file structure_38.cif (mmCIF, C-alpha atoms)
data_upload
loop_
_atom_site.group_PDB
_atom_site.id
_atom_site.type_symbol
_atom_site.label_atom_id
_atom_site.label_comp_id
_atom_site.auth_asym_id
_atom_site.auth_seq_id
_atom_site.Cartn_x
_atom_site.Cartn_y
_atom_site.Cartn_z
ATOM 1 C CA MET A 1 88.617 -3.026 78.873
ATOM 2 C CA GLU A 2 85.460 -4.987 78.130
ATOM 3 C CA ASN A 3 85.752 -7.812 75.625
ATOM 4 C CA ILE A 4 83.922 -6.579 72.527
ATOM 5 C CA THR A 5 83.467 -10.069 71.097
ATOM 6 C CA GLU A 6 81.774 -11.253 74.301
ATOM 7 C CA LEU A 7 79.491 -8.216 74.306
ATOM 8 C CA LEU A 8 78.510 -8.914 70.708
ATOM 9 C CA ARG A 9 77.860 -12.565 71.482
ATOM 10 C CA GLY A 10 75.655 -11.478 74.329
ATOM 11 C CA ALA A 11 73.746 -9.181 72.001
ATOM 12 C CA ALA A 12 73.279 -11.517 69.034
ATOM 13 C CA GLY A 13 74.191 -15.046 70.154
ATOM 14 C CA ALA A 14 77.606 -16.707 70.055
ATOM 15 C CA ASP A 15 76.964 -18.481 66.742
ATOM 16 C CA CYS A 16 76.120 -15.173 65.029
ATOM 17 C CA VAL A 17 79.486 -13.479 65.695
ATOM 18 C CA ARG A 18 82.813 -13.927 63.895
ATOM 19 C CA GLU A 19 86.147 -12.117 63.985
ATOM 20 C CA GLN A 20 88.453 -11.307 61.043
ATOM 21 C CA GLU A 21 85.890 -12.604 58.562
ATOM 22 C CA SER A 22 86.929 -12.464 54.887
ATOM 23 C CA MET A 23 84.494 -10.309 52.934
ATOM 24 C CA LYS A 24 85.221 -12.336 49.797
ATOM 25 C CA LEU A 25 82.762 -14.803 51.279
ATOM 26 C CA HIS A 26 80.004 -12.221 51.569
ATOM 27 C CA THR A 27 80.052 -10.202 48.344
ATOM 28 C CA THR A 28 78.939 -11.281 44.875
ATOM 29 C CA PHE A 29 82.173 -9.737 43.532
ATOM 30 C CA ARG A 30 84.107 -12.327 45.636
ATOM 31 C CA ILE A 31 86.527 -9.548 46.575
ATOM 32 C CA GLY A 32 87.497 -8.010 49.909
ATOM 33 C CA GLY A 33 89.754 -8.325 52.929
ATOM 34 C CA PRO A 34 88.691 -9.169 56.498
ATOM 35 C CA ALA A 35 86.217 -7.316 58.696
ATOM 36 C CA ASP A 36 87.239 -6.947 62.337
ATOM 37 C CA TYR A 37 83.810 -8.169 63.443
ATOM 38 C CA PHE A 38 81.051 -9.842 61.433
ATOM 39 C CA VAL A 39 77.612 -10.274 63.016
ATOM 40 C CA ALA A 40 74.505 -11.847 61.454
ATOM 41 C CA PRO A 41 71.643 -11.362 63.960
ATOM 42 C CA ARG A 42 68.349 -13.249 63.825
ATOM 43 C CA THR A 43 65.995 -10.613 65.238
ATOM 44 C CA ALA A 44 65.424 -6.859 65.011
ATOM 45 C CA GLU A 45 66.096 -6.591 68.744
ATOM 46 C CA ALA A 46 69.446 -8.370 68.370
ATOM 47 C CA ALA A 47 70.402 -6.034 65.517
ATOM 48 C CA ALA A 48 69.563 -3.043 67.698
ATOM 49 C CA ALA A 49 71.617 -4.482 70.565
ATOM 50 C CA VAL A 50 74.642 -4.994 68.284
ATOM 51 C CA VAL A 51 74.431 -1.410 67.042
ATOM 52 C CA ALA A 52 74.194 -0.220 70.653
ATOM 53 C CA VAL A 53 77.465 -2.040 71.456
ATOM 54 C CA CYS A 54 79.111 -0.371 68.459
ATOM 55 C CA LYS A 55 77.953 3.076 69.509
ATOM 56 C CA GLU A 56 78.953 2.634 73.129
ATOM 57 C CA HIS A 57 82.480 1.525 72.193
ATOM 58 C CA GLY A 58 83.065 3.760 69.174
ATOM 59 C CA ILE A 59 83.155 0.914 66.650
ATOM 60 C CA PRO A 60 82.309 1.861 63.042
ATOM 61 C CA TRP A 61 79.600 -0.371 61.583
ATOM 62 C CA TYR A 62 78.128 -1.018 58.162
ATOM 63 C CA VAL A 63 75.008 -2.953 57.148
ATOM 64 C CA ILE A 64 75.018 -5.410 54.244
ATOM 65 C CA GLY A 65 72.562 -7.898 52.775
ATOM 66 C CA ASN A 66 73.950 -10.444 50.334
ATOM 67 C CA GLY A 67 76.689 -8.031 49.214
ATOM 68 C CA SER A 68 75.425 -7.819 45.631
ATOM 69 C CA ASN A 69 76.228 -4.133 45.116
ATOM 70 C CA LEU A 70 79.390 -3.845 47.178
ATOM 71 C CA LEU A 71 83.139 -3.601 46.634
ATOM 72 C CA VAL A 72 85.142 -4.086 49.837
ATOM 73 C CA SER A 73 88.770 -2.951 49.845
ATOM 74 C CA ASP A 74 91.639 -5.421 49.891
ATOM 75 C CA GLU A 75 92.501 -4.187 53.396
ATOM 76 C CA GLY A 76 89.022 -5.100 54.575
ATOM 77 C CA TYR A 77 86.895 -3.118 57.025
ATOM 78 C CA ARG A 78 88.102 -1.774 60.349
ATOM 79 C CA GLY A 79 84.883 -2.107 62.252
ATOM 80 C CA LEU A 80 81.773 -4.285 62.327
ATOM 81 C CA ILE A 81 79.789 -5.671 59.408
ATOM 82 C CA LEU A 82 76.141 -6.184 60.346
ATOM 83 C CA GLN A 83 74.759 -8.733 57.896
ATOM 84 C CA LEU A 84 70.980 -8.896 57.506
ATOM 85 C CA TYR A 85 70.641 -11.826 55.154
ATOM 86 C CA LYS A 86 70.150 -15.575 55.654
ATOM 87 C CA ASN A 87 69.523 -15.303 59.400
ATOM 88 C CA PHE A 88 67.011 -12.512 58.784
ATOM 89 C CA ASN A 89 64.869 -13.478 55.788
ATOM 90 C CA GLN A 90 61.303 -14.384 56.753
ATOM 91 C CA VAL A 91 58.544 -13.632 54.220
ATOM 92 C CA THR A 92 54.822 -13.481 55.093
ATOM 93 C CA VAL A 93 51.876 -13.093 52.700
ATOM 94 C CA SER A 94 48.571 -11.694 53.946
ATOM 95 C CA GLY A 95 45.929 -10.849 51.366
ATOM 96 C CA ARG A 96 47.542 -8.502 48.851
ATOM 97 C CA GLU A 97 50.369 -7.556 51.216
ATOM 98 C CA ILE A 98 53.774 -9.162 51.582
ATOM 99 C CA THR A 99 55.914 -8.426 54.638
ATOM 100 C CA ALA A 100 59.564 -9.439 54.572
ATOM 101 C CA GLN A 101 62.572 -9.128 56.839
ATOM 102 C CA ALA A 102 65.411 -7.069 55.333
ATOM 103 C CA GLY A 103 67.504 -10.101 54.408
ATOM 104 C CA ALA A 104 64.870 -11.743 52.194
ATOM 105 C CA MET A 105 66.041 -12.073 48.599
ATOM 106 C CA LEU A 106 63.929 -10.289 46.000
ATOM 107 C CA SER A 107 63.725 -13.540 44.031
ATOM 108 C CA VAL A 108 62.218 -15.338 47.049
ATOM 109 C CA ILE A 109 59.659 -12.560 47.552
ATOM 110 C CA ALA A 110 58.772 -12.741 43.853
ATOM 111 C CA LYS A 111 58.176 -16.496 44.173
ATOM 112 C CA ALA A 112 55.950 -15.893 47.203
ATOM 113 C CA ALA A 113 53.989 -13.324 45.190
ATOM 114 C CA LEU A 114 53.608 -15.790 42.319
ATOM 115 C CA GLY A 115 52.408 -18.489 44.712
ATOM 116 C CA ALA A 116 49.736 -16.118 46.042
ATOM 117 C CA GLY A 117 48.704 -14.923 42.569
ATOM 118 C CA LEU A 118 49.960 -11.388 43.264
ATOM 119 C CA ALA A 119 51.211 -9.229 40.397
ATOM 120 C CA GLY A 120 53.434 -6.154 40.294
ATOM 121 C CA PHE A 121 56.712 -7.535 41.594
ATOM 122 C CA GLU A 122 57.819 -9.427 38.491
ATOM 123 C CA PHE A 123 60.384 -6.728 37.625
ATOM 124 C CA ALA A 124 62.387 -7.614 40.756
ATOM 125 C CA SER A 125 62.355 -11.393 40.321
ATOM 126 C CA GLY A 126 65.851 -11.484 38.819
ATOM 127 C CA ILE A 127 67.531 -8.692 40.783
ATOM 128 C CA PRO A 128 70.217 -10.449 42.892
ATOM 129 C CA GLY A 129 69.703 -8.471 46.080
ATOM 130 C CA THR A 130 67.720 -8.305 49.323
ATOM 131 C CA ILE A 131 64.633 -6.232 50.067
ATOM 132 C CA GLY A 132 66.624 -4.192 52.603
ATOM 133 C CA GLY A 133 69.200 -3.124 50.036
ATOM 134 C CA ALA A 134 66.445 -2.613 47.470
ATOM 135 C CA ALA A 135 64.676 -0.168 49.788
ATOM 136 C CA VAL A 136 67.860 1.800 50.428
ATOM 137 C CA MET A 137 68.550 2.314 46.707
ATOM 138 C CA ASN A 138 65.026 2.008 45.251
ATOM 139 C CA ALA A 139 66.100 -0.964 43.150
ATOM 140 C CA GLY A 140 64.473 -1.355 39.782
ATOM 141 C CA ALA A 141 64.617 -3.107 36.430
ATOM 142 C CA TYR A 142 62.607 -3.480 33.234
ATOM 143 C CA GLY A 143 60.364 -0.484 33.837
ATOM 144 C CA GLY A 144 59.550 -1.221 37.489
ATOM 145 C CA GLU A 145 61.028 0.022 40.736
ATOM 146 C CA LEU A 146 60.468 -0.632 44.399
ATOM 147 C CA LYS A 147 58.665 2.632 45.050
ATOM 148 C CA ASP A 148 55.825 1.342 42.837
ATOM 149 C CA VAL A 149 54.887 -1.313 45.404
ATOM 150 C CA LEU A 150 56.487 -0.370 48.749
ATOM 151 C CA THR A 151 54.069 0.885 51.412
ATOM 152 C CA GLU A 152 56.203 1.010 54.557
ATOM 153 C CA VAL A 153 59.444 -0.140 56.134
ATOM 154 C CA THR A 154 60.617 -1.053 59.608
ATOM 155 C CA VAL A 155 63.758 0.863 60.536
ATOM 156 C CA LEU A 156 66.290 1.098 63.316
ATOM 157 C CA THR A 157 66.794 4.809 63.934
ATOM 158 C CA ARG A 158 69.951 6.666 64.927
ATOM 159 C CA THR A 159 68.745 6.654 68.522
ATOM 160 C CA GLY A 160 68.225 2.887 68.573
ATOM 161 C CA GLU A 161 64.432 2.986 68.233
ATOM 162 C CA ILE A 162 62.668 0.391 66.050
ATOM 163 C CA ARG A 163 59.773 2.023 64.226
ATOM 164 C CA GLN A 164 57.541 1.929 61.150
ATOM 165 C CA VAL A 165 58.105 4.501 58.405
ATOM 166 C CA ARG A 166 55.763 5.153 55.469
ATOM 167 C CA ALA A 167 57.318 4.728 52.027
ATOM 168 C CA GLU A 168 56.711 8.401 51.195
ATOM 169 C CA GLU A 169 59.093 9.392 53.988
ATOM 170 C CA LEU A 170 61.937 7.579 52.208
ATOM 171 C CA HIS A 171 61.893 10.037 49.255
ATOM 172 C CA LEU A 172 62.595 7.230 46.813
ATOM 173 C CA SER A 173 63.990 8.285 43.433
ATOM 174 C CA TYR A 174 66.360 6.813 40.839
ATOM 175 C CA ARG A 175 68.704 4.480 42.766
ATOM 176 C CA THR A 176 68.537 6.575 45.894
ATOM 177 C CA SER A 177 66.521 7.359 49.026
ATOM 178 C CA SER A 178 66.798 9.311 52.273
ATOM 179 C CA VAL A 179 67.517 6.147 54.301
ATOM 180 C CA VAL A 180 71.289 6.626 54.656
ATOM 181 C CA GLY A 181 70.989 10.377 55.179
ATOM 182 C CA ASN A 182 68.532 9.779 58.012
ATOM 183 C CA GLY A 183 70.865 7.260 59.621
ATOM 184 C CA TRP A 184 68.259 4.509 59.372
ATOM 185 C CA THR A 185 68.860 0.772 59.043
ATOM 186 C CA ILE A 186 66.146 -1.079 57.133
ATOM 187 C CA LEU A 187 64.912 -4.077 59.128
ATOM 188 C CA GLY A 188 61.879 -5.026 57.054
ATOM 189 C CA ALA A 189 59.470 -3.923 54.348
ATOM 190 C CA THR A 190 55.808 -4.242 53.405
ATOM 191 C CA LEU A 191 54.679 -4.405 49.777
ATOM 192 C CA ARG A 192 51.156 -4.024 48.412
ATOM 193 C CA LEU A 193 50.543 -5.877 45.167
ATOM 194 C CA ARG A 194 47.480 -6.586 43.017
ATOM 195 C CA GLN A 195 45.664 -9.797 42.221
ATOM 196 C CA GLY A 196 46.798 -11.372 38.978
ATOM 197 C CA ASP A 197 46.763 -14.503 36.892
ATOM 198 C CA PRO A 198 49.562 -16.823 38.095
ATOM 199 C CA ASP A 199 50.187 -18.030 34.542
ATOM 200 C CA VAL A 200 50.660 -14.461 33.298
ATOM 201 C CA ILE A 201 52.872 -13.585 36.287
ATOM 202 C CA HIS A 202 55.018 -16.675 35.738
ATOM 203 C CA ALA A 203 55.332 -15.994 32.013
ATOM 204 C CA ARG A 204 56.546 -12.445 32.695
ATOM 205 C CA MET A 205 59.094 -13.676 35.248
ATOM 206 C CA GLU A 206 60.416 -16.231 32.755
ATOM 207 C CA GLU A 207 60.602 -13.579 30.029
ATOM 208 C CA LEU A 208 62.679 -11.287 32.242
ATOM 209 C CA LYS A 209 64.876 -14.197 33.332
ATOM 210 C CA GLU A 210 65.620 -15.003 29.707
ATOM 211 C CA GLN A 211 66.537 -11.370 29.018
ATOM 212 C CA ARG A 212 68.977 -11.353 31.943
ATOM 213 C CA VAL A 213 70.587 -14.657 31.018
ATOM 214 C CA SER A 214 71.019 -13.647 27.373
ATOM 215 C CA LYS A 215 72.373 -10.143 28.018
ATOM 216 C CA GLN A 216 74.206 -10.184 31.347
ATOM 217 C CA PRO A 217 77.475 -11.918 32.405
ATOM 218 C CA LEU A 218 75.897 -14.074 35.094
ATOM 219 C CA ASP A 219 78.660 -16.686 34.814
ATOM 220 C CA LEU A 220 81.296 -14.458 36.450
ATOM 221 C CA PRO A 221 81.385 -12.670 39.830
ATOM 222 C CA SER A 222 80.321 -9.024 39.635
ATOM 223 C CA ALA A 223 78.410 -6.410 41.586
ATOM 224 C CA GLY A 224 75.766 -6.046 38.895
ATOM 225 C CA SER A 225 75.552 -2.874 36.864
ATOM 226 C CA THR A 226 78.708 -0.930 37.705
ATOM 227 C CA PHE A 227 77.584 2.583 36.760
ATOM 228 C CA LYS A 228 74.393 4.562 37.169
ATOM 229 C CA ARG A 229 72.570 5.389 33.955
ATOM 230 C CA PRO A 230 73.627 8.899 32.834
ATOM 231 C CA GLU A 231 70.678 11.045 31.811
ATOM 232 C CA GLY A 232 70.042 10.596 28.114
ATOM 233 C CA TYR A 233 72.554 7.747 27.708
ATOM 234 C CA PHE A 234 73.218 4.106 28.515
ATOM 235 C CA ALA A 235 76.457 3.502 30.421
ATOM 236 C CA GLY A 236 77.141 0.192 28.685
ATOM 237 C CA LYS A 237 76.865 1.698 25.207
ATOM 238 C CA LEU A 238 79.126 4.627 26.104
ATOM 239 C CA ILE A 239 81.750 2.211 27.433
ATOM 240 C CA MET A 240 81.481 0.002 24.357
ATOM 241 C CA ASP A 241 81.674 2.981 21.997
ATOM 242 C CA ALA A 242 84.794 4.162 23.831
ATOM 243 C CA GLY A 243 86.434 0.902 22.731
ATOM 244 C CA LEU A 244 86.548 -0.627 26.186
ATOM 245 C CA ARG A 245 84.762 -3.944 25.669
ATOM 246 C CA GLY A 246 86.974 -6.576 27.335
ATOM 247 C CA PHE A 247 89.323 -3.910 28.781
ATOM 248 C CA THR A 248 91.266 -5.468 31.657
ATOM 249 C CA VAL A 249 93.170 -4.331 34.738
ATOM 250 C CA GLY A 250 94.669 -7.276 36.611
ATOM 251 C CA GLY A 251 91.823 -9.734 37.205
ATOM 252 C CA ALA A 252 89.085 -7.151 36.617
ATOM 253 C CA GLN A 253 87.487 -6.803 33.199
ATOM 254 C CA VAL A 254 84.817 -4.808 31.403
ATOM 255 C CA SER A 255 82.474 -7.642 30.473
ATOM 256 C CA GLU A 256 82.611 -8.709 26.859
ATOM 257 C CA LYS A 257 78.940 -9.682 27.091
ATOM 258 C CA HIS A 258 77.632 -6.405 28.586
ATOM 259 C CA CYS A 259 79.955 -3.403 28.893
ATOM 260 C CA GLY A 260 77.947 -1.992 31.787
ATOM 261 C CA PHE A 261 79.327 -4.739 34.032
ATOM 262 C CA VAL A 262 82.800 -5.094 35.538
ATOM 263 C CA VAL A 263 83.524 -8.762 36.245
ATOM 264 C CA ASN A 264 86.047 -10.653 38.347
ATOM 265 C CA ARG A 265 87.956 -13.028 36.065
ATOM 266 C CA GLY A 266 88.984 -15.067 39.097
ATOM 267 C CA ASP A 267 91.735 -13.235 40.959
ATOM 268 C CA ALA A 268 90.710 -9.577 40.809
ATOM 269 C CA THR A 269 91.542 -7.309 43.711
ATOM 270 C CA ALA A 270 89.565 -4.277 44.810
ATOM 271 C CA ALA A 271 92.510 -2.173 43.589
ATOM 272 C CA ASP A 272 92.126 -3.729 40.122
ATOM 273 C CA VAL A 273 88.424 -2.874 40.040
ATOM 274 C CA CYS A 274 88.974 0.701 41.234
ATOM 275 C CA ALA A 275 91.717 1.288 38.660
ATOM 276 C CA LEU A 276 89.515 -0.117 35.907
ATOM 277 C CA ILE A 277 86.543 2.047 36.952
ATOM 278 C CA ALA A 278 88.758 5.154 36.996
ATOM 279 C CA GLU A 279 90.075 4.426 33.503
ATOM 280 C CA VAL A 280 86.569 3.777 32.149
ATOM 281 C CA GLN A 281 85.396 7.079 33.633
ATOM 282 C CA ARG A 282 88.386 8.899 32.126
ATOM 283 C CA ARG A 283 87.944 7.434 28.653
ATOM 284 C CA VAL A 284 84.179 7.993 28.513
ATOM 285 C CA LYS A 285 84.598 11.599 29.698
ATOM 286 C CA GLU A 286 87.359 12.126 27.108
ATOM 287 C CA CYS A 287 85.324 10.604 24.254
ATOM 288 C CA PHE A 288 81.826 11.856 25.024
ATOM 289 C CA GLY A 289 82.038 14.466 27.772
ATOM 290 C CA VAL A 290 79.854 12.303 30.025
ATOM 291 C CA GLU A 291 80.761 11.643 33.651
ATOM 292 C CA LEU A 292 79.925 8.110 34.759
ATOM 293 C CA GLU A 293 78.975 7.726 38.407
ATOM 294 C CA PRO A 294 79.557 4.322 40.012
ATOM 295 C CA GLU A 295 76.461 2.484 41.230
ATOM 296 C CA VAL A 296 78.605 0.043 43.219
ATOM 297 C CA LYS A 297 79.155 0.985 46.864
ATOM 298 C CA MET A 298 82.817 1.137 47.963
ATOM 299 C CA LEU A 299 83.719 0.141 51.517
ATOM 300 C CA GLY A 300 86.966 0.254 53.478
ATOM 301 C CA GLY A 301 90.410 1.178 52.286
#

call {"tool": "encode", "arguments": {"input": "structure_38.cif", "output": "structure tokens"}}
result
Amino acid sequence: MENITELLRGAAGADCVREQESMKLHTTFRIGGPADYFVAPRTAEAAAAVVAVCKEHGIPWYVIGNGSNLLVSDEGYRGLILQLYKNFNQVTVSGREITAQAGAMLSVIAKAALGAGLAGFEFASGIPGTIGGAAVMNAGAYGGELKDVLTEVTVLTRTGEIRQVRAEELHLSYRTSSVVGNGWTILGATLRLRQGDPDVIHARMEELKEQRVSKQPLDLPSAGSTFKRPEGYFAGKLIMDAGLRGFTVGGAQVSEKHCGFVVNRGDATAADVCALIAEVQRRVKECFGVELEPEVKMLGG
């Protein structure tokens, strides 16, 4: 049998491939067991070659950015994690357009926009994710969302083709898109912004930063907002009104600062988080008849 590790090294480069890599190191929750293979390619072609190895040898694979919206099971992931993040994060500004590789952080893109005097991306400046993940889930905050500024993406298709796709073809809506359903992997994105006053842009970014710092538990590991916003309600308020502020299972806790966040108090397991989420869902349904849907992606198990 062919050596899978050697094939992956040939596809992406020896220094881009690891075995039995702890996913605690690659998620903002700081939770998760080992992945059989962990590959962080530097080019779109290398990413395509890695996926081709997976397909040829029947290896499950999953794409992550900086792991900011992900809960990996304590058992880890039996397959390959394809990380498009620090090795895959170039940002280019040309006129009113910004093109970025999938692993570029939204905060870095926002700084590039500010430096070029481009407005319209301030809403994303504090979202702790990558542009690739943002395109998959149409990330948004403070009245803005990616579909407002996204013009096209570069994708790796199911058949291994790298191609450009117009934003309209992604069917972006609240925290969702057709990317996963189409079997696409986002490799890059192009945004079109508008000219603005750098002082005004900077002031808005600082204002949003202050709101995040004052309202969100940024001092503890989490995966951001844990639940999607139910129509007509706010998840955090429902959880608070159900008496669950500070509710704890093992090392996982409903944040005392913002009830919409589940935080890792230091030694939480994925099982702790899942049990806490289930109890929050049960109590909110019991108290208010509202079903909370997790926004956090669950992997492995």

call {"tool": "closest_atom_pairs", "arguments": {"input": "structure_38.cif", "of": "stretch 77-130 of chain A", "to": "stretch 51-64 of chain A", "cutoff": "7 Å", "atoms": "only C-alpha atoms", "output": "Markdown table"}}
result
| residue | atom | partner | partner_atom | distance |
| --- | --- | --- | --- | --- |
| A:Gly79 | CA | A:Pro60 | CA | 4.8 |
| A:Leu80 | CA | A:Trp61 | CA | 4.5 |
| A:Ile81 | CA | A:Tyr62 | CA | 5.1 |
| A:Leu82 | CA | A:Val63 | CA | 4.7 |
| A:Gln83 | CA | A:Ile64 | CA | 4.9 |
| A:Leu84 | CA | A:Ile64 | CA | 6.3 |

call {"tool": "resolve_selection", "arguments": {"input": "structure_38.cif", "expression": "the PyMOL selection byres ((chain A and resi 140-143) around 9)", "output": "CSV table (one decimal) with C-alpha atoms, in the frame of the given file"}}
result
chain,number,residue,atom,x,y,z
A,123,PHE,CA,60.4,-6.7,37.6
A,124,ALA,CA,62.4,-7.6,40.8
A,126,GLY,CA,65.9,-11.5,38.8
A,127,ILE,CA,67.5,-8.7,40.8
A,134,ALA,CA,66.4,-2.6,47.5
A,137,MET,CA,68.6,2.3,46.7
A,138,ASN,CA,65.0,2.0,45.3
A,139,ALA,CA,66.1,-1.0,43.2
A,144,GLY,CA,59.6,-1.2,37.5
A,145,GLU,CA,61.0,0.0,40.7
A,146,LEU,CA,60.5,-0.6,44.4
A,147,LYS,CA,58.7,2.6,45.0
A,174,TYR,CA,66.4,6.8,40.8
A,175,ARG,CA,68.7,4.5,42.8
A,208,LEU,CA,62.7,-11.3,32.2

call {"tool": "atom_distance", "arguments": {"input": "structure_38.cif", "atom1": "atom CA of A:Ser107", "atom2": "atom CA of A:Ser125"}}
result
4.5 Å

call {"tool": "resolve_selection", "arguments": {"input": "structure_38.cif", "expression": "the PyMOL selection byres ((chain A and resi 157) around 10)", "output": "PDB file with C-alpha atoms, in the coordinates of the input"}}
result
ATOM      1  CA  ALA A  48      69.563  -3.043  67.698  1.00  0.00           C
ATOM      2  CA  THR A 154      60.617  -1.053  59.608  1.00  0.00           C
ATOM      3  CA  VAL A 155      63.758   0.863  60.536  1.00  0.00           C
ATOM      4  CA  LEU A 156      66.290   1.098  63.316  1.00  0.00           C
ATOM      5  CA  ARG A 158      69.951   6.666  64.927  1.00  0.00           C
ATOM      6  CA  THR A 159      68.745   6.654  68.522  1.00  0.00           C
ATOM      7  CA  GLY A 160      68.225   2.887  68.573  1.00  0.00           C
ATOM      8  CA  GLU A 161      64.432   2.986  68.233  1.00  0.00           C
ATOM      9  CA  ILE A 162      62.668   0.391  66.050  1.00  0.00           C
ATOM     10  CA  ARG A 163      59.773   2.023  64.226  1.00  0.00           C
ATOM     11  CA  VAL A 179      67.517   6.147  54.301  1.00  0.00           C
ATOM     12  CA  ASN A 182      68.532   9.779  58.012  1.00  0.00           C
ATOM     13  CA  GLY A 183      70.865   7.260  59.621  1.00  0.00           C
ATOM     14  CA  TRP A 184      68.259   4.509  59.372  1.00  0.00           C
ATOM     15  CA  THR A 185      68.860   0.772  59.043  1.00  0.00           C
ATOM     16  CA  ILE A 186      66.146  -1.079  57.133  1.00  0.00           C
TER      17      ILE A 186
END

call {"tool": "atom_distance", "arguments": {"input": "structure_38.cif", "atom1": "atom CA of A:Val136", "atom2": "atom CA of A:Ala102"}}
result
10.4 Å

call {"tool": "closest_residue", "arguments": {"input": "structure_38.cif", "among": "A:Ile4, A:Ile277, A:Val108, A:Ala119", "to": "A:Gly196", "atoms": "only C-alpha atoms"}}
result
A:Ala119

call {"tool": "atom_distance", "arguments": {"input": "structure_38.cif", "atom1": "atom CA of A:Val273", "atom2": "atom CA of A:Gly250"}}
result
8.4 Å

call {"tool": "residues_around", "arguments": {"input": "structure_38.cif", "residues": "stretch 215-231 of chain A", "least_positions_apart": "3", "cutoff": "10 Å", "atoms": "only C-alpha atoms", "output": "PyMOL selection string"}}
result
chain A and resi 27-31+67-71+127-129+174-175+210-212+234-236+238+252-266+268+277+281+290-297

call {"tool": "residues_near_point", "arguments": {"input": "structure_38.cif", "point": "(50.5, -8.5, 31.8)", "cutoff": "12 Å", "atoms": "all atoms listed in the file", "output": "PDB file with C-alpha atoms, in the coordinates of the input"}}
result
ATOM      1  CA  LEU A 118      49.960 -11.388  43.264  1.00  0.00           C
ATOM      2  CA  ALA A 119      51.211  -9.229  40.397  1.00  0.00           C
ATOM      3  CA  GLY A 120      53.434  -6.154  40.294  1.00  0.00           C
ATOM      4  CA  PHE A 121      56.712  -7.535  41.594  1.00  0.00           C
ATOM      5  CA  GLU A 122      57.819  -9.427  38.491  1.00  0.00           C
ATOM      6  CA  PHE A 123      60.384  -6.728  37.625  1.00  0.00           C
ATOM      7  CA  ARG A 194      47.480  -6.586  43.017  1.00  0.00           C
ATOM      8  CA  GLN A 195      45.664  -9.797  42.221  1.00  0.00           C
ATOM      9  CA  GLY A 196      46.798 -11.372  38.978  1.00  0.00           C
ATOM     10  CA  ASP A 197      46.763 -14.503  36.892  1.00  0.00           C
ATOM     11  CA  PRO A 198      49.562 -16.823  38.095  1.00  0.00           C
ATOM     12  CA  ASP A 199      50.187 -18.030  34.542  1.00  0.00           C
ATOM     13  CA  VAL A 200      50.660 -14.461  33.298  1.00  0.00           C
ATOM     14  CA  ILE A 201      52.872 -13.585  36.287  1.00  0.00           C
ATOM     15  CA  HIS A 202      55.018 -16.675  35.738  1.00  0.00           C
ATOM     16  CA  ALA A 203      55.332 -15.994  32.013  1.00  0.00           C
ATOM     17  CA  ARG A 204      56.546 -12.445  32.695  1.00  0.00           C
ATOM     18  CA  MET A 205      59.094 -13.676  35.248  1.00  0.00           C
ATOM     19  CA  GLU A 207      60.602 -13.579  30.029  1.00  0.00           C
TER      20      GLU A 207
END

call {"tool": "residues_around", "arguments": {"input": "structure_38.cif", "residues": "A:Glu19", "least_positions_apart": "5", "cutoff": "10 Å", "atoms": "only C-alpha atoms", "output": "ChimeraX atom specification"}}
result
/A:5,34-39,80

call {"tool": "closest_residue", "arguments": {"input": "structure_38.cif", "among": "A:Arg166, A:Arg283, A:His26, A:Arg9", "to": "A:Val50", "atoms": "all atoms listed in the file"}}
result
A:Arg9

call {"tool": "residues_around", "arguments": {"input": "structure_38.cif", "residues": "A:Thr99", "least_positions_apart": "3", "cutoff": "6 Å", "atoms": "only C-alpha atoms", "output": "ChimeraX atom specification"}}
result
/A:91-92,189-190

call {"tool": "resolve_selection", "arguments": {"input": "structure_38.cif", "expression": "the PyMOL selection byres ((chain A and resi 152) around 9)", "output": "ChimeraX atom specification"}}
result
/A:150-151,153-154,164-169,188-191

call {"tool": "axis_aligned_box", "arguments": {"input": "structure_38.cif", "around": "stretch 238-253 of chain A", "padding_each_side": "3 Å", "output": "AutoDock Vina command-line options"}}
result
--center_x 86.9 --center_y -2.6 --center_z 29.6 --size_x 21.5 --size_y 20.4 --size_z 21.2

call {"tool": "closest_residue", "arguments": {"input": "structure_38.cif", "among": "A:Ala270, A:Cys16, A:Ala278, A:Leu172", "to": "A:Gly32", "atoms": "all atoms listed in the file"}}
result
A:Ala270
